[in-house]
$ cat work_24.csv   # CSV, C-alpha atoms and all ligand atoms
chain,number,residue,atom,x,y,z
A,123,MET,CA,0.0,0.0,0.0
A,124,LYS,CA,1.2,3.5,-0.8
A,125,ALA,CA,1.9,5.9,2.2
A,126,ASP,CA,-1.2,8.0,1.5
A,127,THR,CA,-3.4,5.0,1.3
A,128,ILE,CA,-2.1,3.6,4.6
A,129,TYR,CA,-2.9,7.0,6.2
A,130,GLU,CA,-6.4,7.3,4.8
A,131,ARG,CA,-7.3,3.6,5.3
A,132,LEU,CA,-5.7,2.9,8.7
A,133,VAL,CA,-4.3,5.8,10.5
A,134,ARG,CA,-7.0,8.3,9.9
A,135,PRO,CA,-9.9,6.0,11.1
A,136,ALA,CA,-7.9,5.4,14.3
A,137,LEU,CA,-7.3,9.1,14.8
A,138,PHE,CA,-10.9,10.0,13.9
A,139,SER,CA,-12.2,7.5,16.5
A,140,LEU,CA,-10.8,9.9,19.1
A,141,SER,CA,-12.1,13.4,19.7
A,142,ALA,CA,-10.5,15.9,17.3
A,143,GLU,CA,-8.4,17.5,20.1
A,144,ALA,CA,-7.3,14.1,21.5
A,145,ALA,CA,-6.2,13.0,18.0
A,146,HIS,CA,-4.4,16.3,17.6
A,147,ASN,CA,-2.6,15.9,20.9
A,148,LEU,CA,-1.6,12.3,20.1
A,149,ALA,CA,-0.2,13.4,16.8
A,150,ILE,CA,1.8,16.2,18.4
A,151,ARG,CA,3.0,14.0,21.2
A,152,SER,CA,4.2,11.4,18.7
A,153,LEU,CA,6.0,14.0,16.5
A,154,ARG,CA,7.5,15.6,19.6
A,155,ALA,CA,9.0,12.2,20.6
A,156,ALA,CA,10.1,11.6,17.0
A,157,SER,CA,11.9,15.0,17.1
A,158,ASN,CA,14.3,13.6,19.7
A,159,SER,CA,15.1,10.3,17.9
A,160,ARG,CA,17.4,10.1,14.9
A,161,ILE,CA,15.9,6.8,13.9
A,162,ALA,CA,12.3,8.1,14.0
A,163,LEU,CA,13.3,11.2,12.0
A,164,ARG,CA,14.8,8.9,9.3
A,165,GLN,CA,11.5,7.0,9.1
A,166,LEU,CA,9.6,10.3,8.7
A,167,GLU,CA,11.9,11.3,5.9
A,168,ARG,CA,10.4,8.6,3.7
A,169,PHE,CA,7.4,10.9,3.2
A,170,ALA,CA,9.5,13.9,2.0
A,171,PRO,CA,8.9,15.2,-1.5
A,172,ARG,CA,11.7,16.0,-4.0
A,173,PRO,CA,13.4,19.4,-3.5
A,174,LEU,CA,11.7,22.3,-5.3
A,175,PRO,CA,13.6,25.3,-4.0
A,176,LYS,CA,12.2,28.8,-4.0
A,177,THR,CA,13.5,32.1,-2.7
A,178,VAL,CA,10.9,34.5,-1.2
A,179,SER,CA,11.7,37.6,0.9
A,180,GLY,CA,15.3,36.6,1.0
A,181,LEU,CA,14.6,33.2,2.5
A,182,THR,CA,15.2,29.9,0.6
A,183,PHE,CA,12.4,27.4,0.9
A,184,ARG,CA,13.2,23.7,0.2
A,185,ASN,CA,9.7,23.5,-1.5
A,186,PRO,CA,6.8,25.9,-1.5
A,187,VAL,CA,4.5,23.9,0.9
A,188,GLY,CA,4.6,24.9,4.6
A,189,LEU,CA,2.7,23.8,7.7
A,190,ALA,CA,0.2,26.5,8.6
A,191,ALA,CA,0.0,28.0,12.1
A,192,GLY,CA,-2.0,26.4,14.8
A,193,PHE,CA,-0.8,22.8,14.4
A,194,ASP,CA,2.4,23.2,16.4
A,195,LYS,CA,1.4,26.1,18.6
A,196,ASN,CA,4.3,25.7,21.0
A,197,GLY,CA,7.0,24.7,18.6
A,198,VAL,CA,7.6,21.2,20.1
A,199,ALA,CA,8.1,19.1,16.9
A,200,ILE,CA,10.1,21.3,14.5
A,201,PRO,CA,12.6,18.6,13.5
A,202,ALA,CA,9.8,16.2,12.7
A,203,TRP,CA,8.0,18.7,10.4
A,204,ALA,CA,11.3,19.2,8.6
A,205,ALA,CA,11.8,15.5,8.3
A,206,LEU,CA,8.3,15.0,6.9
A,207,GLY,CA,9.4,17.2,4.1
A,208,PHE,CA,7.6,20.6,4.7
A,209,GLY,CA,9.3,23.5,2.9
A,210,PHE,CA,8.8,25.6,6.0
A,211,VAL,CA,6.9,25.5,9.3
A,212,GLU,CA,5.0,28.2,11.1
A,213,VAL,CA,5.0,27.8,14.9
A,214,GLY,CA,2.2,29.5,17.0
A,215,THR,CA,0.0,31.4,17.5
A,216,VAL,CA,2.1,32.4,20.5
A,217,THR,CA,0.8,35.1,22.8
A,218,ALA,CA,2.8,37.2,25.3
A,219,LYS,CA,1.1,35.5,28.3
A,220,PRO,CA,0.5,31.7,28.6
A,221,GLN,CA,-3.2,31.0,28.3
A,222,PRO,CA,-5.5,27.9,28.3
A,223,GLY,CA,-7.8,28.8,25.5
A,224,ASN,CA,-11.5,28.2,25.4
A,225,PRO,CA,-13.4,25.4,27.2
A,226,LYS,CA,-13.4,22.0,25.4
A,227,PRO,CA,-14.8,20.7,23.1
A,228,ARG,CA,-13.3,23.3,20.7
A,229,ILE,CA,-12.4,21.5,17.5
A,230,PHE,CA,-15.1,19.9,15.4
A,231,ARG,CA,-14.7,17.6,12.3
A,232,TYR,CA,-17.0,17.7,9.2
A,233,PRO,CA,-15.7,14.8,7.1
A,234,GLU,CA,-18.5,15.2,4.6
A,235,GLN,CA,-17.5,18.7,3.9
A,236,ALA,CA,-13.8,18.0,4.4
A,237,ALA,CA,-13.8,20.8,6.9
A,238,LEU,CA,-13.0,21.7,10.5
A,239,ILE,CA,-14.4,24.3,12.8
A,240,ASN,CA,-12.2,25.4,15.7
A,241,ARG,CA,-12.5,27.9,18.6
A,242,LEU,CA,-9.3,27.0,20.4
A,243,GLY,CA,-8.7,30.7,21.4
A,244,PHE,CA,-4.9,30.7,21.2
A,245,ASN,CA,-4.2,28.0,23.8
A,246,ASN,CA,-0.4,28.2,24.1
A,247,GLU,CA,2.5,28.2,26.6
A,248,GLY,CA,3.3,31.9,26.1
A,249,ALA,CA,6.2,33.8,24.5
A,250,ASP,CA,8.8,33.2,27.3
A,251,VAL,CA,8.4,29.4,27.3
A,252,VAL,CA,8.3,29.1,23.5
A,253,ALA,CA,11.4,31.4,23.2
A,254,ALA,CA,13.3,29.2,25.7
A,255,ARG,CA,12.4,26.1,23.7
A,256,LEU,CA,13.4,27.6,20.4
A,257,ARG,CA,16.7,28.9,21.8
A,258,ALA,CA,17.5,25.4,23.2
A,259,LEU,CA,16.7,23.9,19.7
A,260,ARG,CA,19.1,26.4,18.1
A,261,GLU,CA,21.8,25.8,20.7
A,262,SER,CA,21.5,22.0,20.3
A,263,GLY,CA,22.4,22.2,16.7
A,264,SER,CA,19.0,20.6,15.7
A,265,TRP,CA,17.5,23.7,14.1
A,266,PRO,CA,16.2,22.5,10.8
A,267,ALA,CA,17.5,23.5,7.3
A,268,ILE,CA,14.0,25.0,6.5
A,269,PRO,CA,12.6,28.4,7.4
A,270,VAL,CA,10.8,28.5,10.8
A,271,GLY,CA,8.2,31.3,11.1
A,272,ILE,CA,6.6,32.4,14.4
A,273,ASN,CA,3.0,33.5,14.4
A,274,LEU,CA,2.1,36.1,17.1
A,275,GLY,CA,-1.3,37.0,18.5
A,276,LYS,CA,-2.7,39.1,21.3
A,277,SER,CA,-3.2,37.6,24.8
A,278,LYS,CA,-6.8,37.3,25.7
A,279,ILE,CA,-6.6,39.3,29.0
A,280,THR,CA,-4.8,42.2,27.4
A,281,PRO,CA,-7.2,45.0,26.5
A,282,LEU,CA,-7.4,45.9,22.8
A,283,GLU,CA,-5.9,49.4,23.6
A,284,GLU,CA,-2.7,47.7,24.8
A,285,ALA,CA,-2.5,45.2,21.9
A,286,VAL,CA,0.6,46.8,20.4
A,287,ASP,CA,2.7,46.4,23.6
A,288,ASP,CA,1.4,42.8,23.9
A,289,TYR,CA,2.6,42.0,20.3
A,290,LEU,CA,5.9,43.9,21.0
A,291,TYR,CA,6.6,41.8,24.1
A,292,SER,CA,6.3,38.6,22.0
A,293,PHE,CA,8.2,40.1,19.1
A,294,GLN,CA,11.2,41.1,21.2
A,295,ARG,CA,11.5,37.6,22.6
A,296,LEU,CA,10.7,35.5,19.5
A,297,ALA,CA,11.8,37.5,16.4
A,298,PRO,CA,15.5,37.0,17.1
A,299,LEU,CA,14.9,33.2,17.1
A,300,ALA,CA,12.7,33.1,14.0
A,301,ASP,CA,13.4,33.1,10.3
A,302,TYR,CA,10.2,35.2,9.8
A,303,VAL,CA,7.4,36.6,12.0
A,304,VAL,CA,3.7,36.7,11.3
A,305,LEU,CA,1.3,39.1,12.9
A,306,ASN,CA,-1.9,37.3,13.3
A,307,ILE,CA,-4.8,39.8,13.3
A,308,SER,CA,-7.3,37.5,11.8
A,309,SER,CA,-8.3,34.7,14.3
A,310,PRO,CA,-12.0,34.8,14.9
A,311,ASN,CA,-11.6,33.3,18.4
A,312,THR,CA,-10.0,36.2,20.3
A,313,PRO,CA,-12.7,38.9,20.9
A,314,GLY,CA,-11.8,42.1,19.1
A,315,LEU,CA,-8.7,40.7,17.4
A,316,ARG,CA,-9.9,41.2,13.9
A,317,SER,CA,-10.6,44.9,14.6
A,318,LEU,CA,-6.8,45.3,14.4
A,319,GLN,CA,-7.2,44.9,10.7
A,320,GLU,CA,-8.9,48.4,10.7
A,321,HIS,CA,-6.9,51.2,9.3
A,322,ASP,CA,-5.7,53.2,12.3
A,323,SER,CA,-5.1,50.2,14.5
A,324,LEU,CA,-3.2,48.4,11.8
A,325,GLN,CA,-1.1,51.4,11.0
A,326,HIS,CA,-0.2,51.8,14.7
A,327,LEU,CA,0.7,48.1,15.1
A,328,LEU,CA,2.8,47.9,11.9
A,329,ALA,CA,4.7,51.1,12.6
A,330,ALA,CA,5.5,49.9,16.1
A,331,VAL,CA,6.7,46.5,14.9
A,332,ALA,CA,8.7,48.1,12.0
A,333,ARG,CA,10.5,50.3,14.6
A,334,GLU,CA,11.2,47.3,16.8
A,335,ASN,CA,12.4,45.3,13.8
A,336,GLU,CA,15.1,47.8,12.9
A,337,SER,CA,17.6,45.8,14.9
A,338,THR,CA,16.5,42.3,13.9
A,339,GLY,CA,15.4,42.9,10.3
A,340,LYS,CA,13.3,39.8,10.0
A,341,PRO,CA,10.6,39.4,7.3
A,342,VAL,CA,7.3,40.4,9.0
A,343,LEU,CA,4.2,39.0,7.4
A,344,LEU,CA,0.5,39.8,8.1
A,345,LYS,CA,-2.1,37.1,8.2
A,346,ILE,CA,-5.6,38.3,7.2
A,347,ALA,CA,-9.1,37.1,7.4
A,348,PRO,CA,-11.2,36.0,4.4
A,349,ASP,CA,-14.2,37.9,5.7
A,350,LEU,CA,-12.9,41.3,4.8
A,351,SER,CA,-14.5,43.5,2.1
A,352,LEU,CA,-12.5,44.5,-1.0
A,353,ALA,CA,-12.4,48.1,0.3
A,354,ASP,CA,-10.9,46.7,3.6
A,355,LEU,CA,-8.3,44.8,1.5
A,356,ASP,CA,-7.3,48.0,-0.4
A,357,GLN,CA,-6.6,49.7,2.9
A,358,ILE,CA,-4.7,46.7,4.3
A,359,VAL,CA,-2.5,46.2,1.3
A,360,ALA,CA,-1.6,50.0,1.2
A,361,THR,CA,-0.9,50.0,5.0
A,362,ALA,CA,1.2,46.9,4.7
A,363,GLU,CA,3.3,48.3,1.8
A,364,ARG,CA,3.8,51.6,3.6
A,365,ASN,CA,5.2,49.8,6.7
A,366,ARG,CA,7.5,47.5,4.8
A,367,VAL,CA,5.6,44.3,5.5
A,368,ALA,CA,7.3,41.4,3.7
A,369,GLY,CA,4.2,39.5,2.7
A,370,LEU,CA,0.6,38.6,3.3
A,371,ILE,CA,-0.8,35.2,4.4
A,372,ALA,CA,-4.2,34.8,2.8
A,373,THR,CA,-6.2,33.6,4.6
A,374,ASN,CA,-7.1,32.5,8.1
A,375,THR,CA,-10.4,30.6,8.9
A,376,THR,CA,-13.8,32.0,8.0
A,377,LEU,CA,-16.9,33.0,9.9
A,378,ASP,CA,-19.0,32.0,6.9
A,379,HIS,CA,-20.4,28.6,7.9
A,380,SER,CA,-22.9,28.3,5.0
A,381,ALA,CA,-21.4,25.0,3.9
A,382,ILE,CA,-22.2,23.4,7.3
A,383,PRO,CA,-25.8,22.1,8.0
A,384,ALA,CA,-27.3,24.4,10.6
A,385,SER,CA,-28.0,21.5,13.0
A,386,LEU,CA,-24.3,20.6,13.1
A,387,ASP,CA,-22.9,24.2,13.2
A,388,GLN,CA,-20.5,25.3,15.9
A,389,THR,CA,-19.1,28.7,16.9
A,390,GLY,CA,-15.6,29.2,15.6
A,391,GLY,CA,-13.5,29.5,12.4
A,392,LEU,CA,-14.2,27.2,9.5
A,393,SER,CA,-11.2,25.7,7.5
A,394,GLY,CA,-10.8,23.2,4.8
A,395,ARG,CA,-12.5,22.6,1.5
A,396,PRO,CA,-15.4,25.1,1.9
A,397,LEU,CA,-12.8,27.8,2.5
A,398,PHE,CA,-10.9,27.2,-0.7
A,399,ALA,CA,-12.8,29.4,-3.2
A,400,LYS,CA,-13.0,32.4,-0.9
A,401,SER,CA,-9.4,32.3,0.2
A,402,THR,CA,-8.2,31.8,-3.4
A,403,GLU,CA,-10.3,34.9,-4.4
A,404,PHE,CA,-8.4,36.8,-1.8
A,405,VAL,CA,-5.1,35.7,-3.2
A,406,ARG,CA,-6.2,36.9,-6.7
A,407,ALA,CA,-7.5,40.2,-5.3
A,408,ILE,CA,-4.2,40.9,-3.4
A,409,ARG,CA,-2.2,40.0,-6.6
A,410,GLU,CA,-4.3,42.5,-8.6
A,411,ARG,CA,-3.3,45.2,-6.1
A,412,SER,CA,0.3,44.4,-5.1
A,413,SER,CA,3.5,42.6,-5.9
A,414,LEU,CA,3.9,41.7,-2.2
A,415,PRO,CA,4.7,38.0,-1.7
A,416,ILE,CA,1.6,36.0,-0.9
A,417,VAL,CA,1.4,32.8,1.3
A,418,ALA,CA,-1.8,31.0,0.3
A,419,SER,CA,-3.7,29.2,3.1
A,420,GLY,CA,-7.2,27.7,2.8
A,421,GLY,CA,-8.6,24.5,1.5
A,422,ILE,CA,-5.5,23.0,-0.2
A,423,PHE,CA,-6.2,19.3,-0.4
A,424,ASP,CA,-4.4,18.0,-3.5
A,425,ALA,CA,-2.1,19.0,-6.4
A,426,ALA,CA,-5.0,20.7,-8.4
A,427,SER,CA,-6.0,23.0,-5.5
A,428,ALA,CA,-2.3,23.9,-4.9
A,429,ARG,CA,-1.8,24.8,-8.5
A,430,GLU,CA,-4.9,26.9,-8.5
A,431,LYS,CA,-3.5,28.9,-5.6
A,432,MET,CA,-0.2,29.4,-7.5
A,433,THR,CA,-2.1,30.5,-10.7
A,434,ALA,CA,-4.1,33.0,-8.5
A,435,GLY,CA,-0.8,34.6,-7.5
A,436,ALA,CA,0.6,32.7,-4.5
A,437,ASP,CA,4.3,32.5,-4.0
A,438,LEU,CA,4.1,29.9,-1.2
A,439,LEU,CA,1.4,27.6,0.2
A,440,GLN,CA,0.4,26.4,3.6
A,441,VAL,CA,-1.7,23.3,4.6
A,442,TYR,CA,-3.5,22.4,7.8
A,443,THR,CA,-7.0,20.8,7.3
A,444,GLY,CA,-5.9,19.1,4.1
A,445,TYR,CA,-3.0,17.5,6.1
A,446,VAL,CA,-5.4,16.2,8.7
A,447,TYR,CA,-7.6,14.6,6.1
A,448,ARG,CA,-5.0,13.4,3.6
A,449,GLY,CA,-2.0,12.7,5.8
A,450,PRO,CA,1.8,12.9,5.2
A,451,GLY,CA,1.5,11.7,1.6
A,452,LEU,CA,-0.1,15.0,0.7
A,453,LEU,CA,3.2,16.9,0.5
A,454,ARG,CA,4.7,14.6,-2.2
A,455,GLU,CA,1.4,14.7,-4.1
A,456,ILE,CA,1.4,18.5,-4.2
A,457,VAL,CA,5.1,19.0,-4.9
A,458,ASP,CA,5.0,16.5,-7.7
A,459,GLY,CA,2.1,18.3,-9.2
A,460,LEU,CA,3.6,21.8,-9.1
B,1,LIG,C1,-7.4,23.5,14.7
B,1,LIG,C2,-6.9,24.8,14.0
B,1,LIG,C3,-6.1,25.7,14.8
B,1,LIG,C4,-5.6,26.8,14.2
B,1,LIG,N1,-4.9,27.7,14.9
B,1,LIG,C5,-4.3,28.8,14.3
B,1,LIG,C6,-3.5,29.7,15.0
B,1,LIG,O1,-3.2,29.5,16.2
B,1,LIG,N2,-3.0,30.8,14.3
B,1,LIG,C7,-3.3,31.0,13.0
B,1,LIG,O2,-2.8,32.0,12.5
B,1,LIG,N3,-4.1,30.2,12.3
B,1,LIG,C8,-4.6,29.1,12.9
B,1,LIG,N4,-5.4,28.2,12.2
B,1,LIG,C9,-5.7,28.5,10.8
B,1,LIG,C10,-4.7,27.8,9.8
B,1,LIG,O3,-3.4,28.2,10.0
B,1,LIG,C11,-5.1,28.1,8.4
B,1,LIG,O4,-4.9,29.4,8.0
B,1,LIG,C12,-6.6,27.8,8.1
B,1,LIG,O5,-7.0,26.6,8.8
B,1,LIG,C13,-6.9,27.6,6.6
B,1,LIG,O6,-6.1,26.6,6.0
B,1,LIG,P1,-6.7,25.1,5.8
B,1,LIG,O7,-8.0,25.2,5.1
B,1,LIG,O8,-5.6,24.4,5.0
B,1,LIG,O9,-6.8,24.5,7.2
B,1,LIG,C14,-5.9,27.1,12.8
B,1,LIG,C15,-6.7,26.2,12.1
B,1,LIG,C16,-7.2,25.0,12.7
B,1,LIG,C17,-8.0,24.1,11.8
$ encode --input "work_24.csv" --output "structure tokens"
Amino acid sequence: MKADTIYERLVRPALFSLSAEAAHNLAIRSLRAASNSRIALRQLERFAPRPLPKTVSGLTFRNPVGLAAGFDKNGVAIPAWAALGFGFVEVGTVTAKPQPGNPKPRIFRYPEQAALINRLGFNNEGADVVAARLRALRESGSWPAIPVGINLGKSKITPLEEAVDDYLYSFQRLAPLADYVVLNISSPNTPGLRSLQEHDSLQHLLAAVARENESTGKPVLLKIAPDLSLADLDQIVATAERNRVAGLIATNTTLDHSAIPASLDQTGGLSGRPLFAKSTEFVRAIRERSSLPIVASGGIFDAASAREKMTAGADLLQVYTGYVYRGPGLLREIVDGL
């Protein structure tokens, strides 16, 4: 049996017999353990696709397909992601303060729609703990040969008026350790967060981060929501360019749950196949307005959907929900098809 068939016939049914979060935790625990074992990493390398290098924002990516934020929120399995063949990996979302996130259950599967809804609410160990972990990884010599991004968000208890300082706290600790930094202003699960996409708030945040970044000079990307209007997008692209943002990640999860039957609906952000068209539309709309690098995220499940993102104007791709449903064989399938 081929690797992807084994996943879909054997591993996925076993994982899907657990709750979504228990399955996630099991996967993370396994990959964390594998990250400390040379033998296990060798085994994971069997899934890795051929090299398809690409340089974006001064960074060289082994291939254009990365792991999207939220899978490895605390950066515990970075060597395993690299061994599996990802072109890059995005750790986080990390917030300045450690926080437990929302009450469980908070991740819901929709196999018929090939979708997930989550309202995790940035559960993570906080910037200090994650920084210590990343520093230890760098010092151990096990830092991978692929770019590692760090995705930053606002701590829930920090009032919106103090959001900039909250992001700066995390930026100061984590930017020096990362290859690139993402400002996540688009999660639907932290009250008020998406209002940071509004003009004055965004200008304030980006200017402060640009000042802080003068010493580190890391590429800073902005991750946006798919629920914005085109007028909002015009503003965001202009503000991003004015503040030397290195690229846009389009998009985060959506609040549009029209693909989900009302009786099964849950509060949270929807990801996966029903997000594909909308997030691809955003990639196209950004490309019409700007030559900024675009990382496309939303509903990539196979080679065809990956190619469509590239045709729409993406420079790099990220997968999350597609990886949950299709497994580690997905990377080779996509890279072979690009
Ligand atoms: C369970 C789950 C948790 C997520 N957590 C984060 C997060 O912490 N930060 C973030 O920027 N995006 C997060 N996302 C969004 C993904 O990074 C991605 O942008 C989105 O799911 C769309 O891609 P997909 O359709 O391939 O899943 C999360 C998504 C899921 C399904």
$ closest_residue --input "work_24.csv" --among "A:Ala267, A:Ile456, A:Ala142, A:Leu259" --to "ligand LIG 1 (chain B)" --atoms "only C-alpha atoms and all ligand atoms"
A:Ala142
$ closest_residue --input "work_24.csv" --among "A:Gly180, A:Pro415, A:Gly391, A:Gly263" --to "ligand LIG 1 (chain B)" --atoms "only C-alpha atoms and all ligand atoms"
A:Gly391
$ residues_near_ligand --input "work_24.csv" --ligand "ligand LIG 1 (chain B)" --cutoff "7 Å" --atoms "all atoms listed in the file" --output "VMD selection string"
chain A and resid 190 to 193 195 214 to 215 229 238 to 240 242 244 273 306 309 345 373 to 375 393 to 395 397 to 398 419 to 422 440 to 444
$ write_last_selection --input "work_24.csv" --atoms "C-alpha atoms" --output "JSON list (two decimals), in the coordinates of the input"
[["chain", "number", "residue", "atom", "x", "y", "z"],
["A", 190, "ALA", "CA", 0.20, 26.50, 8.60],
["A", 191, "ALA", "CA", 0.00, 28.00, 12.10],
["A", 192, "GLY", "CA", -2.00, 26.40, 14.80],
["A", 193, "PHE", "CA", -0.80, 22.80, 14.40],
["A", 195, "LYS", "CA", 1.40, 26.10, 18.60],
["A", 214, "GLY", "CA", 2.20, 29.50, 17.00],
["A", 215, "THR", "CA", 0.00, 31.40, 17.50],
["A", 229, "ILE", "CA", -12.40, 21.50, 17.50],
["A", 238, "LEU", "CA", -13.00, 21.70, 10.50],
["A", 239, "ILE", "CA", -14.40, 24.30, 12.80],
["A", 240, "ASN", "CA", -12.20, 25.40, 15.70],
["A", 242, "LEU", "CA", -9.30, 27.00, 20.40],
["A", 244, "PHE", "CA", -4.90, 30.70, 21.20],
["A", 273, "ASN", "CA", 3.00, 33.50, 14.40],
["A", 306, "ASN", "CA", -1.90, 37.30, 13.30],
["A", 309, "SER", "CA", -8.30, 34.70, 14.30],
["A", 345, "LYS", "CA", -2.10, 37.10, 8.20],
["A", 373, "THR", "CA", -6.20, 33.60, 4.60],
["A", 374, "ASN", "CA", -7.10, 32.50, 8.10],
["A", 375, "THR", "CA", -10.40, 30.60, 8.90],
["A", 393, "SER", "CA", -11.20, 25.70, 7.50],
["A", 394, "GLY", "CA", -10.80, 23.20, 4.80],
["A", 395, "ARG", "CA", -12.50, 22.60, 1.50],
["A", 397, "LEU", "CA", -12.80, 27.80, 2.50],
["A", 398, "PHE", "CA", -10.90, 27.20, -0.70],
["A", 419, "SER", "CA", -3.70, 29.20, 3.10],
["A", 420, "GLY", "CA", -7.20, 27.70, 2.80],
["A", 421, "GLY", "CA", -8.60, 24.50, 1.50],
["A", 422, "ILE", "CA", -5.50, 23.00, -0.20],
["A", 440, "GLN", "CA", 0.40, 26.40, 3.60],
["A", 441, "VAL", "CA", -1.70, 23.30, 4.60],
["A", 442, "TYR", "CA", -3.50, 22.40, 7.80],
["A", 443, "THR", "CA", -7.00, 20.80, 7.30],
["A", 444, "GLY", "CA", -5.90, 19.10, 4.10]]
$ closest_residue --input "work_24.csv" --among "A:Pro313, A:Pro341, A:Thr389, A:Glu212" --to "Pro281 of chain A" --atoms "only C-alpha atoms"
A:Pro313
$ residues_around --input "work_24.csv" --residues "Thr177 of chain A" --least-positions-apart "3" --cutoff "12 Å" --atoms "only C-alpha atoms" --output "list in words"
Leu174, Gly180, Leu181, Thr182, Phe183, Arg184, Asn185, Pro186, Gly209, Phe210, Ile268, Pro269, Pro415, Asp437 and Leu438 of chain A
$ closest_atom_pairs --input "work_24.csv" --of "segment 243-330 of chain A" --to "segment 346-354 of chain A" --cutoff "12 Å" --atoms "all atoms listed in the file" --output "CSV"
residue,atom,partner,partner_atom,distance
A:Val304,CA,A:Ile346,CA,10.3
A:Leu305,CA,A:Ile346,CA,9.0
A:Asn306,CA,A:Ile346,CA,7.2
A:Ile307,CA,A:Ile346,CA,6.3
A:Ser308,CA,A:Ala347,CA,4.8
A:Ser309,CA,A:Ala347,CA,7.3
A:Pro310,CA,A:Ala347,CA,8.4
A:Asn311,CA,A:Ala347,CA,11.9
A:Leu315,CA,A:Ala347,CA,10.6
A:Arg316,CA,A:Ala347,CA,7.7
A:Ser317,CA,A:Leu350,CA,10.7
A:Leu318,CA,A:Ile346,CA,10.1
A:Gln319,CA,A:Ile346,CA,7.6
A:Glu320,CA,A:Asp354,CA,7.6
A:His321,CA,A:Asp354,CA,8.3
A:Leu324,CA,A:Ile346,CA,11.4
$ write_last_selection --input "work_24.csv" --atoms "C-alpha atoms" --output "compact mmCIF listing (two decimals), in the frame of the given file"
# COMPACT_ATOMS: atom_id res chain seq x y z
CA VAL A 304 3.70 36.70 11.30
CA LEU A 305 1.30 39.10 12.90
CA ASN A 306 -1.90 37.30 13.30
CA ILE A 307 -4.80 39.80 13.30
CA SER A 308 -7.30 37.50 11.80
CA SER A 309 -8.30 34.70 14.30
CA PRO A 310 -12.00 34.80 14.90
CA ASN A 311 -11.60 33.30 18.40
CA LEU A 315 -8.70 40.70 17.40
CA ARG A 316 -9.90 41.20 13.90
CA SER A 317 -10.60 44.90 14.60
CA LEU A 318 -6.80 45.30 14.40
CA GLN A 319 -7.20 44.90 10.70
CA GLU A 320 -8.90 48.40 10.70
CA HIS A 321 -6.90 51.20 9.30
CA LEU A 324 -3.20 48.40 11.80
$ residues_around --input "work_24.csv" --residues "Asp250 of chain A" --least-positions-apart "2" --cutoff "8 Å" --atoms "only C-alpha atoms" --output "list in words"
Ala218, Gly248, Val252, Ala253, Ala254, Ser292 and Arg295 of chain A
$ write_last_selection --input "work_24.csv" --atoms "C-alpha atoms" --output "mmCIF file, in the coordinates of the input"
data_model
loop_
_atom_site.group_PDB
_atom_site.id
_atom_site.type_symbol
_atom_site.label_atom_id
_atom_site.label_comp_id
_atom_site.auth_asym_id
_atom_site.auth_seq_id
_atom_site.Cartn_x
_atom_site.Cartn_y
_atom_site.Cartn_z
ATOM 1 C CA ALA A 218 2.800 37.200 25.300
ATOM 2 C CA GLY A 248 3.300 31.900 26.100
ATOM 3 C CA VAL A 252 8.300 29.100 23.500
ATOM 4 C CA ALA A 253 11.400 31.400 23.200
ATOM 5 C CA ALA A 254 13.300 29.200 25.700
ATOM 6 C CA SER A 292 6.300 38.600 22.000
ATOM 7 C CA ARG A 295 11.500 37.600 22.600
#
$ residues_around --input "work_24.csv" --residues "Gly449 of chain A" --least-positions-apart "3" --cutoff "12 Å" --atoms "only C-alpha atoms" --output "PyMOL selection string"
chain A and resi 124-135+137+149+169+206+423-424+441-446+452-455
$ closest_residue --input "work_24.csv" --among "A:Val331, A:Ala258, A:Ala407, A:Trp265" --to "Asp288 of chain A" --atoms "all atoms listed in the file"
A:Val331
$ closest_residue --input "work_24.csv" --among "A:Lys340, A:Arg154, A:Lys431, A:Arg168" --to "Arg366 of chain A" --atoms "all atoms listed in the file"
A:Lys340
$ closest_residue --input "work_24.csv" --among "A:Val213, A:Val286, A:Gly243, A:Pro298" --to "Arg228 of chain A" --atoms "only C-alpha atoms"
A:Gly243
$ atom_distance --input "work_24.csv" --atom1 "atom CA of Asn147 of chain A" --atom2 "atom CA of Asn246 of chain A"
12.9 Å
$ atom_distance --input "work_24.csv" --atom1 "atom CA of Pro173 of chain A" --atom2 "atom CA of Val457 of chain A"
8.4 Å
$ atom_distance --input "work_24.csv" --atom1 "atom CA of Gly207 of chain A" --atom2 "atom CA of Pro171 of chain A"
6.0 Å
$ residues_around --input "work_24.csv" --residues "Leu256 of chain A" --least-positions-apart "4" --cutoff "8 Å" --atoms "all atoms listed in the file" --output "MDAnalysis selection string"
chainID A and resid 197 252 260 299
